[in-house]
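Here is final.cif, consisting of mmCIF, C-alpha atoms:
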data_run
#
loop_
_atom_site.group_PDB
_atom_site.id
_atom_site.type_symbol
_atom_site.label_atom_id
_atom_site.label_comp_id
_atom_site.auth_asym_id
_atom_site.auth_seq_id
_atom_site.Cartn_x
_atom_site.Cartn_y
_atom_site.Cartn_z
ATOM 1 C CA MET P 1 84.377 71.419 -79.618
ATOM 2 C CA GLU P 2 82.651 68.278 -78.970
ATOM 3 C CA ASN P 3 83.490 66.649 -75.746
ATOM 4 C CA ASN P 4 84.374 63.122 -76.643
ATOM 5 C CA GLN P 5 85.182 61.986 -73.124
ATOM 6 C CA ALA P 6 82.809 59.358 -71.695
ATOM 7 C CA GLN P 7 80.663 60.518 -68.771
ATOM 8 C CA LEU P 8 81.487 58.839 -65.509
ATOM 9 C CA PRO P 9 78.608 57.356 -63.485
ATOM 10 C CA THR P 10 77.480 59.571 -60.657
ATOM 11 C CA ASP P 11 76.599 58.574 -57.113
ATOM 12 C CA GLN P 12 72.902 59.017 -57.967
ATOM 13 C CA GLU P 13 72.736 56.025 -60.197
ATOM 14 C CA PRO P 14 71.884 52.672 -58.484
ATOM 15 C CA LYS P 15 74.549 50.173 -58.386
ATOM 16 C CA PRO P 16 73.744 46.535 -59.028
ATOM 17 C CA GLN P 17 73.493 44.468 -55.767
ATOM 18 C CA THR P 18 74.742 41.026 -55.167
ATOM 19 C CA SER P 19 72.719 38.301 -53.556
ATOM 20 C CA GLU P 20 74.757 38.692 -50.409
ATOM 21 C CA GLN P 21 73.780 42.374 -50.193
ATOM 22 C CA MET P 22 69.964 41.845 -50.595
ATOM 23 C CA PRO P 23 67.971 42.402 -47.314
ATOM 24 C CA GLU P 24 66.302 39.399 -45.667
ATOM 25 C CA GLN P 25 62.461 39.360 -46.047
ATOM 26 C CA THR P 26 60.012 38.141 -43.291
ATOM 27 C CA LEU P 27 57.617 35.436 -44.498
ATOM 28 C CA PRO P 28 53.956 35.381 -43.273
ATOM 29 C CA PRO P 29 53.106 32.652 -40.617
ATOM 30 C CA LYS P 30 51.806 29.375 -41.869
ATOM 31 C CA LYS P 31 48.014 28.758 -41.721
ATOM 32 C CA SER P 32 48.417 25.288 -40.215
ATOM 33 C CA LYS P 33 49.761 26.748 -36.957
ATOM 34 C CA LYS P 34 46.740 29.060 -36.638
ATOM 35 C CA LYS P 35 44.335 26.131 -36.988
ATOM 36 C CA LEU P 36 46.185 24.116 -34.346
ATOM 37 C CA TRP P 37 45.939 26.920 -31.777
ATOM 38 C CA LEU P 38 42.254 27.387 -32.574
ATOM 39 C CA VAL P 39 41.535 23.687 -31.930
ATOM 40 C CA VAL P 40 43.456 23.793 -28.648
ATOM 41 C CA ALA P 41 41.480 26.848 -27.527
ATOM 42 C CA ILE P 42 38.147 25.165 -28.306
ATOM 43 C CA ILE P 43 39.105 22.013 -26.383
ATOM 44 C CA LEU P 44 40.175 24.049 -23.359
ATOM 45 C CA ALA P 45 36.882 25.984 -23.462
ATOM 46 C CA LEU P 46 34.845 22.740 -23.558
ATOM 47 C CA LEU P 47 36.781 21.261 -20.645
ATOM 48 C CA ALA P 48 36.252 24.425 -18.608
ATOM 49 C CA GLY P 49 32.519 24.362 -19.363
ATOM 50 C CA ALA P 50 32.181 20.703 -18.397
ATOM 51 C CA ALA P 51 34.006 21.292 -15.123
ATOM 52 C CA ALA P 52 31.775 24.243 -14.290
ATOM 53 C CA TYR P 53 28.642 22.206 -15.033
ATOM 54 C CA TRP P 54 29.788 19.273 -12.906
ATOM 55 C CA PHE P 55 30.633 21.354 -9.845
ATOM 56 C CA GLY P 56 27.414 23.332 -10.224
ATOM 57 C CA PHE P 57 25.353 20.108 -10.493
ATOM 58 C CA ARG P 58 27.056 18.639 -7.418
ATOM 59 C CA ASP P 59 26.423 21.772 -5.378
ATOM 60 C CA LYS P 60 22.756 21.785 -6.460
ATOM 61 C CA ASN P 61 22.355 18.171 -5.346
ATOM 62 C CA LYS P 62 23.826 19.042 -1.981
ATOM 63 C CA GLN P 63 21.435 21.960 -1.669
ATOM 64 C CA ASP P 64 18.449 19.791 -2.662
ATOM 65 C CA SER P 65 19.486 17.094 -0.185
ATOM 66 C CA GLY P 66 19.871 19.668 2.527
ATOM 67 C CA SER P 67 16.476 21.139 1.692
ATOM 68 C CA GLU P 68 14.840 17.675 1.853
ATOM 69 C CA GLN P 69 16.427 16.950 5.217
ATOM 70 C CA ALA P 70 15.344 20.344 6.468
ATOM 71 C CA GLY P 71 11.821 19.617 5.197
ATOM 72 C CA ASN P 72 11.763 16.294 7.046
ATOM 73 C CA ALA P 73 12.989 17.979 10.200
ATOM 74 C CA GLN P 74 10.095 20.419 10.027
ATOM 75 C CA VAL P 75 7.480 17.600 10.023
ATOM 76 C CA THR P 76 6.334 17.144 13.609
ATOM 77 C CA SER P 77 2.813 15.747 13.280
ATOM 78 C CA PHE P 78 0.578 13.450 11.247
ATOM 79 C CA ALA P 79 -1.136 16.463 9.685
ATOM 80 C CA GLY P 80 2.188 17.984 8.640
ATOM 81 C CA CYS P 81 3.423 14.670 7.249
ATOM 82 C CA LYS P 82 0.229 14.211 5.240
ATOM 83 C CA ALA P 83 0.322 17.823 3.982
ATOM 84 C CA ALA P 84 3.897 17.247 2.777
ATOM 85 C CA GLY P 85 2.607 14.450 0.540
ATOM 86 C CA TYR P 86 4.401 11.574 2.265
ATOM 87 C CA PRO P 87 2.833 8.066 1.994
ATOM 88 C CA ILE P 88 -0.012 7.004 4.286
ATOM 89 C CA GLN P 89 0.056 3.377 5.443
ATOM 90 C CA GLU P 90 -3.134 1.331 5.084
ATOM 91 C CA SER P 91 -3.640 0.645 8.764
ATOM 92 C CA PHE P 92 -5.936 1.657 11.568
ATOM 93 C CA PRO P 93 -4.988 4.061 12.954
ATOM 94 C CA GLU P 94 -3.414 5.539 9.792
ATOM 95 C CA LYS P 95 0.331 6.163 9.862
ATOM 96 C CA CYS P 96 2.364 8.616 7.756
ATOM 97 C CA VAL P 97 6.063 7.908 7.102
ATOM 98 C CA THR P 98 8.684 10.485 6.052
ATOM 99 C CA PRO P 99 11.651 9.575 3.797
ATOM 100 C CA ASP P 100 14.002 9.637 6.808
ATOM 101 C CA GLY P 101 11.883 7.049 8.676
ATOM 102 C CA GLN P 102 9.817 9.208 11.017
ATOM 103 C CA THR P 103 6.325 7.773 11.668
ATOM 104 C CA PHE P 104 3.296 9.787 12.730
ATOM 105 C CA THR P 105 -0.036 8.236 13.768
ATOM 106 C CA ASN P 106 -3.395 9.808 12.970
ATOM 107 C CA PRO P 107 -4.619 11.029 16.384
ATOM 108 C CA ASP P 108 -8.224 11.098 15.165
ATOM 109 C CA GLN P 109 -8.303 7.338 14.617
ATOM 110 C CA LYS P 110 -8.102 5.214 17.736
ATOM 111 C CA VAL P 111 -9.767 2.222 19.319
ATOM 112 C CA GLU P 112 -11.407 3.260 22.533
ATOM 113 C CA GLU P 113 -11.794 0.469 25.064
ATOM 114 C CA THR P 114 -12.421 1.835 28.543
ATOM 115 C CA PRO P 115 -14.241 0.375 31.542
ATOM 116 C CA GLU P 116 -17.073 2.849 30.939
ATOM 117 C CA ASP P 117 -17.505 1.601 27.381
ATOM 118 C CA ALA P 118 -17.264 -2.017 28.490
ATOM 119 C CA ALA P 119 -20.230 -1.498 30.794
ATOM 120 C CA ALA P 120 -22.375 -0.618 27.772
ATOM 121 C CA ILE P 121 -22.770 -4.332 26.947
ATOM 122 C CA THR P 122 -23.040 -7.291 29.277
ATOM 123 C CA CYS P 123 -20.657 -10.179 28.622
ATOM 124 C CA GLU P 124 -20.605 -13.549 30.302
ATOM 125 C CA ASP P 125 -17.751 -14.870 32.418
ATOM 126 C CA GLY P 126 -14.797 -15.779 30.215
ATOM 127 C CA GLU P 127 -15.752 -13.193 27.597
ATOM 128 C CA THR P 128 -14.223 -9.834 26.698
ATOM 129 C CA ALA P 129 -16.192 -6.778 25.647
ATOM 130 C CA PHE P 130 -15.073 -5.034 22.486
ATOM 131 C CA GLN P 131 -16.346 -1.570 21.627
ATOM 132 C CA ASP P 132 -15.083 1.091 19.289
ATOM 133 C CA VAL P 133 -16.755 4.460 18.845
ATOM 134 C CA ASP P 134 -15.269 4.942 15.371
ATOM 135 C CA PHE P 135 -16.215 1.439 14.254
ATOM 136 C CA GLY P 136 -19.627 2.070 15.792
ATOM 137 C CA ALA P 137 -20.226 -1.389 17.247
ATOM 138 C CA ALA P 138 -19.706 -3.482 20.375
ATOM 139 C CA PHE P 139 -19.780 -7.246 20.968
ATOM 140 C CA CYS P 140 -18.600 -10.001 23.302
ATOM 141 C CA TYR P 141 -15.994 -12.603 22.350
ATOM 142 C CA PRO P 142 -14.174 -15.396 24.234
ATOM 143 C CA SER P 143 -11.269 -13.971 26.238
ATOM 144 C CA GLU P 144 -9.104 -16.894 25.065
ATOM 145 C CA TRP P 145 -9.089 -15.321 21.608
ATOM 146 C CA GLY P 146 -6.691 -12.634 22.872
ATOM 147 C CA ASP P 147 -6.686 -8.978 21.864
ATOM 148 C CA ALA P 148 -8.949 -7.608 19.153
ATOM 149 C CA SER P 149 -7.508 -5.101 16.671
ATOM 150 C CA VAL P 150 -9.080 -3.095 13.861
ATOM 151 C CA VAL P 151 -7.321 -2.778 10.489
ATOM 152 C CA ASP P 152 -8.273 -0.998 7.292
ATOM 153 C CA ALA P 153 -9.556 -3.573 4.787
ATOM 154 C CA LYS P 154 -9.785 -1.346 1.710
ATOM 155 C CA PHE P 155 -8.386 -2.818 -1.489
ATOM 156 C CA GLU P 156 -6.788 0.482 -2.566
ATOM 157 C CA VAL P 157 -6.097 3.854 -0.967
ATOM 158 C CA ALA P 158 -8.397 5.388 -3.588
ATOM 159 C CA ASP P 159 -11.390 3.348 -2.329
ATOM 160 C CA THR P 160 -14.190 5.537 -1.013
ATOM 161 C CA GLY P 161 -16.188 4.895 2.145
ATOM 162 C CA HIS P 162 -15.090 2.524 4.923
ATOM 163 C CA ARG P 163 -14.143 -1.149 4.988
ATOM 164 C CA GLN P 164 -12.574 -2.551 8.165
ATOM 165 C CA LEU P 165 -11.719 -5.924 9.664
ATOM 166 C CA ILE P 166 -11.297 -6.952 13.315
ATOM 167 C CA SER P 167 -8.916 -9.843 13.978
ATOM 168 C CA PHE P 168 -7.948 -11.662 17.178
ATOM 169 C CA SER P 169 -4.371 -12.196 18.316
ATOM 170 C CA ASP P 170 -4.830 -15.778 19.583
ATOM 171 C CA ASN P 171 -7.434 -17.126 17.164
ATOM 172 C CA ASP P 172 -7.018 -16.601 13.433
ATOM 173 C CA TYR P 173 -10.087 -18.648 12.497
ATOM 174 C CA PHE P 174 -12.565 -15.884 13.395
ATOM 175 C CA ALA P 175 -12.939 -12.300 12.145
ATOM 176 C CA VAL P 176 -15.476 -9.476 12.417
ATOM 177 C CA GLY P 177 -15.899 -6.676 9.905
ATOM 178 C CA GLY P 178 -17.897 -3.839 8.476
ATOM 179 C CA VAL P 179 -18.475 -2.294 5.041
ATOM 180 C CA SER P 180 -20.172 1.091 4.747
ATOM 181 C CA ASP P 181 -22.963 1.399 2.211
ATOM 182 C CA ASP P 182 -21.018 4.123 0.360
ATOM 183 C CA TRP P 183 -17.856 2.011 -0.023
ATOM 184 C CA THR P 184 -16.655 1.660 -3.624
ATOM 185 C CA THR P 185 -13.509 0.328 -5.285
ATOM 186 C CA MET P 186 -12.162 0.219 -8.831
ATOM 187 C CA LEU P 187 -10.132 -2.930 -8.145
ATOM 188 C CA GLY P 188 -11.700 -6.153 -9.342
ATOM 189 C CA ARG P 189 -11.021 -8.940 -6.868
ATOM 190 C CA ASP P 190 -12.643 -12.192 -5.840
ATOM 191 C CA GLY P 191 -13.798 -12.164 -2.238
ATOM 192 C CA THR P 192 -12.503 -14.514 0.434
ATOM 193 C CA CYS P 193 -14.344 -16.039 3.373
ATOM 194 C CA LYS P 194 -13.007 -13.487 5.865
ATOM 195 C CA ASP P 195 -13.757 -10.426 3.734
ATOM 196 C CA PRO P 196 -16.271 -8.187 5.538
ATOM 197 C CA SER P 197 -19.670 -7.952 3.882
ATOM 198 C CA ASN P 198 -22.897 -5.972 4.138
ATOM 199 C CA ASN P 199 -24.938 -8.294 1.897
ATOM 200 C CA VAL P 200 -27.568 -9.745 4.215
ATOM 201 C CA PRO P 201 -29.281 -12.905 2.893
ATOM 202 C CA GLU P 202 -33.004 -13.425 3.169
ATOM 203 C CA LEU P 203 -33.769 -15.160 6.452
ATOM 204 C CA SER P 204 -36.657 -16.947 4.729
ATOM 205 C CA SER P 205 -34.137 -18.883 2.639
ATOM 206 C CA TYR P 206 -32.857 -20.779 5.690
ATOM 207 C CA ASN P 207 -32.301 -24.479 5.242
ATOM 208 C CA THR P 208 -30.316 -26.303 7.910
ATOM 209 C CA GLU P 209 -29.849 -29.348 5.650
ATOM 210 C CA TRP P 210 -26.905 -29.564 3.236
ATOM 211 C CA HIS P 211 -28.001 -28.325 -0.190
ATOM 212 C CA ASP P 212 -26.830 -26.571 -3.368
ATOM 213 C CA PHE P 213 -24.373 -29.389 -4.036
ATOM 214 C CA VAL P 214 -21.789 -29.102 -6.808
ATOM 215 C CA GLY P 215 -20.776 -32.593 -7.881
ATOM 216 C CA GLU P 216 -22.075 -35.921 -6.642
ATOM 217 C CA GLY P 217 -21.018 -38.670 -4.258
ATOM 218 C CA MET P 218 -17.352 -38.600 -3.310
ATOM 219 C CA ALA P 219 -16.775 -35.929 -5.977
ATOM 220 C CA ILE P 220 -18.745 -33.209 -4.163
ATOM 221 C CA GLU P 221 -16.956 -29.865 -4.567
ATOM 222 C CA TYR P 222 -19.397 -27.560 -2.769
ATOM 223 C CA ALA P 223 -22.274 -27.699 -0.296
ATOM 224 C CA LEU P 224 -24.193 -25.131 1.782
ATOM 225 C CA ARG P 225 -26.413 -25.126 4.846
ATOM 226 C CA SER P 226 -27.864 -22.583 7.292
ATOM 227 C CA LEU P 227 -26.982 -22.664 10.991
ATOM 228 C CA GLU P 228 -29.497 -22.328 13.759
ATOM 229 C CA THR P 229 -29.311 -19.140 15.835
ATOM 230 C CA SER P 230 -30.060 -18.709 19.510
ATOM 231 C CA ALA P 231 -31.887 -15.411 18.945
ATOM 232 C CA GLY P 232 -33.567 -13.675 16.032
ATOM 233 C CA GLY P 233 -32.288 -10.788 13.928
ATOM 234 C CA TYR P 234 -29.146 -12.269 12.409
ATOM 235 C CA ASP P 235 -28.122 -15.047 10.035
ATOM 236 C CA MET P 236 -25.409 -17.731 9.976
ATOM 237 C CA THR P 237 -24.511 -20.030 7.092
ATOM 238 C CA GLU P 238 -21.861 -22.709 6.581
ATOM 239 C CA GLU P 239 -20.166 -23.591 3.290
ATOM 240 C CA VAL P 240 -17.676 -26.310 2.438
ATOM 241 C CA THR P 241 -15.769 -26.055 -0.827
ATOM 242 C CA SER P 242 -12.799 -27.153 -2.891
ATOM 243 C CA LEU P 243 -13.519 -24.620 -5.644
ATOM 244 C CA LEU P 244 -12.692 -20.975 -4.820
ATOM 245 C CA GLY P 245 -11.390 -22.046 -1.413
ATOM 246 C CA ASN P 246 -10.316 -25.302 0.153
ATOM 247 C CA GLY P 247 -12.034 -25.707 3.479
ATOM 248 C CA VAL P 248 -14.953 -24.659 5.677
ATOM 249 C CA CYS P 249 -16.363 -21.142 5.714
ATOM 250 C CA ALA P 250 -19.051 -19.862 8.113
ATOM 251 C CA SER P 251 -20.437 -16.354 7.757
ATOM 252 C CA GLY P 252 -23.013 -14.290 9.600
ATOM 253 C CA HIS P 253 -24.573 -10.810 9.468
ATOM 254 C CA LYS P 254 -26.441 -8.617 11.895
ATOM 255 C CA VAL P 255 -28.144 -5.316 11.062
ATOM 256 C CA ILE P 256 -27.313 -2.708 13.755
ATOM 257 C CA ASN P 257 -27.627 0.614 11.876
ATOM 258 C CA GLY P 258 -24.520 1.901 13.648
ATOM 259 C CA SER P 259 -22.788 5.242 13.218
ATOM 260 C CA ARG P 260 -20.507 3.884 10.482
ATOM 261 C CA TYR P 261 -21.849 0.473 9.486
ATOM 262 C CA ARG P 262 -25.417 -0.595 8.908
ATOM 263 C CA VAL P 263 -24.371 -4.263 9.044
ATOM 264 C CA VAL P 264 -21.696 -6.053 11.065
ATOM 265 C CA SER P 265 -20.430 -9.330 9.606
ATOM 266 C CA ALA P 266 -18.575 -12.209 11.250
ATOM 267 C CA SER P 267 -16.716 -15.117 9.687
ATOM 268 C CA TYR P 268 -14.944 -18.380 10.443
ATOM 269 C CA TYR P 269 -12.547 -20.115 8.039
ATOM 270 C CA ARG P 270 -10.447 -23.258 8.336
ATOM 271 C CA GLU P 271 -8.598 -25.094 5.588
ATOM 272 C CA PHE P 272 -8.652 -28.837 5.090
ATOM 273 C CA SER P 273 -5.667 -30.504 6.753
ATOM 274 C CA GLU P 274 -4.238 -33.950 7.299
ATOM 275 C CA SER P 275 -4.119 -33.280 11.050
ATOM 276 C CA SER P 276 -7.896 -32.913 11.104
ATOM 277 C CA GLY P 277 -8.438 -35.913 8.874
ATOM 278 C CA ILE P 278 -10.816 -33.853 6.696
ATOM 279 C CA LEU P 279 -9.492 -33.340 3.172
ATOM 280 C CA SER P 280 -12.624 -32.941 1.055
ATOM 281 C CA PRO P 281 -16.130 -31.396 1.106
ATOM 282 C CA LYS P 282 -17.626 -34.880 1.222
ATOM 283 C CA ALA P 283 -15.606 -35.757 4.334
ATOM 284 C CA HIS P 284 -16.844 -32.577 6.047
ATOM 285 C CA THR P 285 -20.504 -33.083 5.245
ATOM 286 C CA ASP P 286 -20.193 -36.597 6.709
ATOM 287 C CA ASN P 287 -18.366 -35.317 9.844
ATOM 288 C CA PRO P 288 -19.221 -31.598 10.224
ATOM 289 C CA ASP P 289 -18.131 -31.251 13.879
ATOM 290 C CA ILE P 290 -14.414 -31.851 13.298
ATOM 291 C CA MET P 291 -13.430 -28.847 11.209
ATOM 292 C CA PHE P 292 -16.024 -26.595 12.881
ATOM 293 C CA THR P 293 -16.761 -27.880 16.363
ATOM 294 C CA THR P 294 -19.953 -27.498 18.355
ATOM 295 C CA GLU P 295 -18.118 -25.202 20.782
ATOM 296 C CA GLN P 296 -16.916 -22.965 17.923
ATOM 297 C CA ARG P 297 -20.429 -22.750 16.507
ATOM 298 C CA THR P 298 -21.697 -21.743 19.953
ATOM 299 C CA GLN P 299 -19.009 -19.056 20.226
ATOM 300 C CA PHE P 300 -19.863 -17.804 16.747
ATOM 301 C CA ASP P 301 -23.553 -17.658 17.605
ATOM 302 C CA ARG P 302 -22.901 -15.874 20.910
ATOM 303 C CA LEU P 303 -20.692 -13.257 19.227
ATOM 304 C CA LEU P 304 -23.320 -12.369 16.623
ATOM 305 C CA ALA P 305 -26.111 -12.335 19.187
ATOM 306 C CA SER P 306 -24.175 -9.780 21.274
ATOM 307 C CA VAL P 307 -23.358 -7.327 18.455
ATOM 308 C CA ALA P 308 -24.906 -3.911 19.052
ATOM 309 C CA ALA P 309 -24.464 -0.328 17.865
ATOM 310 C CA HIS P 310 -21.989 1.631 19.972
#
Write-out of the structure in structure tokens:
Amino acid sequence: MENNQAQLPTDQEPKPQTSEQMPEQTLPPKKSKKKLWLVVAIILALLAGAAAYWFGFRDKNKQDSGSEQAGNAQVTSFAGCKAAGYPIQESFPEKCVTPDGQTFTNPDQKVEETPEDAAAITCEDGETAFQDVDFGAAFCYPSEWGDASVVDAKFEVADTGHRQLISFSDNDYFAVGGVSDDWTTMLGRDGTCKDPSNNVPELSSYNTEWHDFVGEGMAIEYALRSLETSAGGYDMTEEVTSLLGNGVCASGHKVINGSRYRVVSASYYREFSESSGILSPKAHTDNPDIMFTTEQRTQFDRLLASVAAH
């Protein structure tokens, strides 16, 4: 017989679920949050790197500063200062200065003026003997001129050879100098009256009358004459000008063939002034004993006559 009864659903068959019975599903995180954290991480890494660089740079500066101070402390002599590459002052004697202000003098450069040296030349009463082994010359000058000092007269440190000037503490009109024959410079510069020189003029060109005028009458701008000397072997000339200078310039040279300088030069310079009453070359040629007195010419002549190798 056919079984006409309907089959009941078994427990194996799935039952339809309601929305309330469905399990809750976990959604994946949003991409925008990942990007935000990535940006934050990069910023933090950059800040950490910058901080490390800054502290490292500061510590290095401290170390460098400490090393420089230690280097300065180790310099105890002119030779050590020079070897360290610190600047050398253009003076005589030379001086080397460290960055912290220490100064070291070249012990090989010094002016030697001792009684034994002074006896090498004979000076008159009221005169002082100057002699310098390094300069290689000796001479007498009026004691009223004060102390004589030697300074380096090079134009640049790179100049080769020697160029020195001797000045006097109580008389800035006069100067003595020397230029070695091997001196050279790359600096172009117009000379002044007091610049030392080794260019000896021909003695046969002497003319004690004013000549070589530039201009005429009251408009004279330059004139030259030779000065008489009390002994042979040296020259003295006198110029008055309102061109390159503005006053009276006397210069002289004596060949000594010294240890450093073949020629020693001497000079006198005085500017025109209202106090003297001489304000032009013409006024000086008319009254030559005001700006450059007879006594000063005698002193100039005596100095040059006394110059000798030392």
Contact residues around P:Ser251 with all atoms listed in the file at 9 Å, ignoring same-chain residues under 5 positions, as a ChimeraX atom specification: /P:193-194,235-239,265-269
Polymer residues at most 7 Å from P:Cys123, only C-alpha atoms, same-chain spacing of 5 or more positions, as a VMD selection string: chain P and resid 128 to 129 140
One-decimal distance in Å that lies between atom CA of P:Ala83 and atom CA of P:Gly136: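 Computing the Euclidean distance for atom CA of P:Gly136 and atom CA of P:Ala83 yields 28.0 Å.
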Picked residues, the PyMOL selection byres ((chain P and resi 215-221) around 6), as a ChimeraX atom specification: /P:214,222,241-242,281-282
Selected residue, from P:Gly247, P:Gly126, P:Gly191, P:Gly177, that lies nearest to P:Val307 when counting all atoms listed in the file: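 Nearest to P:Val307: P:Gly177.
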Å distance separating atom CA of P:Ala309 from atom CA of P:Gly258, one decimal place: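 Pair atom CA of P:Ala309 / atom CA of P:Gly258 returns 4.8 Å.
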Nearest-residue call for P:Phe135, choices P:Leu187, P:Val150, P:Val157, P:Ile121, using all atoms listed in the file: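 Nearest to P:Phe135: P:Val150.
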Residue with smallest distance to P:Arg260 - pool P:Gly101, P:Gly178, P:Pro107, P:Pro93, counting all atoms listed in the file: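 Answer, going by the shortest atom-to-atom distance: P:Gly178.
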Residues matched by the PyMOL selection byres ((chain P and resi 197) around 8), written as a compact mmCIF listing (two decimals) with C-alpha atoms, in the coordinates of the input:
# COMPACT_ATOMS: atom_id res chain seq x y z
CA GLY P 177 -15.90 -6.68 9.90
CA GLY P 178 -17.90 -3.84 8.48
CA VAL P 179 -18.48 -2.29 5.04
CA ASP P 195 -13.76 -10.43 3.73
CA PRO P 196 -16.27 -8.19 5.54
CA ASN P 198 -22.90 -5.97 4.14
CA ASN P 199 -24.94 -8.29 1.90
CA HIS P 253 -24.57 -10.81 9.47
CA VAL P 263 -24.37 -4.26 9.04
CA VAL P 264 -21.70 -6.05 11.06
CA SER P 265 -20.43 -9.33 9.61
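Selection by the PyMOL selection byres ((chain P and resi 298-304) around 7) on the present file picks out Phe139, Cys140, Tyr141, Thr229, Ser230, Lys254, Thr294, Glu295, Gln296, Arg297, Ala305, Ser306 and Val307 of chain P.
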Box time for stretch 262-281 of chain P: axis-aligned, enclosing all its listed atoms, 6 Å extra on each side; report centre and edge lengths in Å to one decimal, as AutoDock Vina command-line options.
--center_x -14.8 --center_y -18.3 --center_z 6.2 --size_x 33.3 --size_y 47.3 --size_z 22.2
Which residue of P:Leu243, P:Ala138, P:Ala153, P:Met186 approaches P:Ile256 most closely, using all atoms listed in the file: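 Closest residue, counting all atoms listed in the file: P:Ala138.
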Atom pair atom CA of P:Cys249 / atom CA of P:Ile166: separation (Å): 16.9 Å
Contact residues around P:Ile290 with all atoms listed in the file at 8 Å, ignoring same-chain residues under 5 positions, as a VMD selection string: chain P and resid 276 278 284
Selected residue of minimal separation from P:Thr105 among P:Ala51, P:Phe130, P:Asp152, P:Ser77, counting only C-alpha atoms: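 Smallest distance to P:Thr105 is found for P:Ser77.
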With only C-alpha atoms counted, which protein, DNA or RNA residues have an atom no more than 9 Å from (-28.8, -27.1, 10.0) in the file frame? Please answer as a PDB file with C-alpha atoms, keeping the file's coordinate frame.
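Written file, result-v6.pdb:
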ATOM      1  CA  TYR P 206     -32.857 -20.779   5.690  1.00  0.00           C
ATOM      2  CA  ASN P 207     -32.301 -24.479   5.242  1.00  0.00           C
ATOM      3  CA  THR P 208     -30.316 -26.303   7.910  1.00  0.00           C
ATOM      4  CA  GLU P 209     -29.849 -29.348   5.650  1.00  0.00           C
ATOM      5  CA  TRP P 210     -26.905 -29.564   3.236  1.00  0.00           C
ATOM      6  CA  ARG P 225     -26.413 -25.126   4.846  1.00  0.00           C
ATOM      7  CA  SER P 226     -27.864 -22.583   7.292  1.00  0.00           C
ATOM      8  CA  LEU P 227     -26.982 -22.664  10.991  1.00  0.00           C
ATOM      9  CA  GLU P 228     -29.497 -22.328  13.759  1.00  0.00           C
ATOM     10  CA  THR P 237     -24.511 -20.030   7.092  1.00  0.00           C
ATOM     11  CA  GLU P 238     -21.861 -22.709   6.581  1.00  0.00           C
TER      12      GLU P 238
END
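When all atoms listed in the file are used to measure the gap to P:Tyr173, the shortest distance among P:Met291, P:Glu124, P:Ala84, P:Thr285 belongs to P:Met291.
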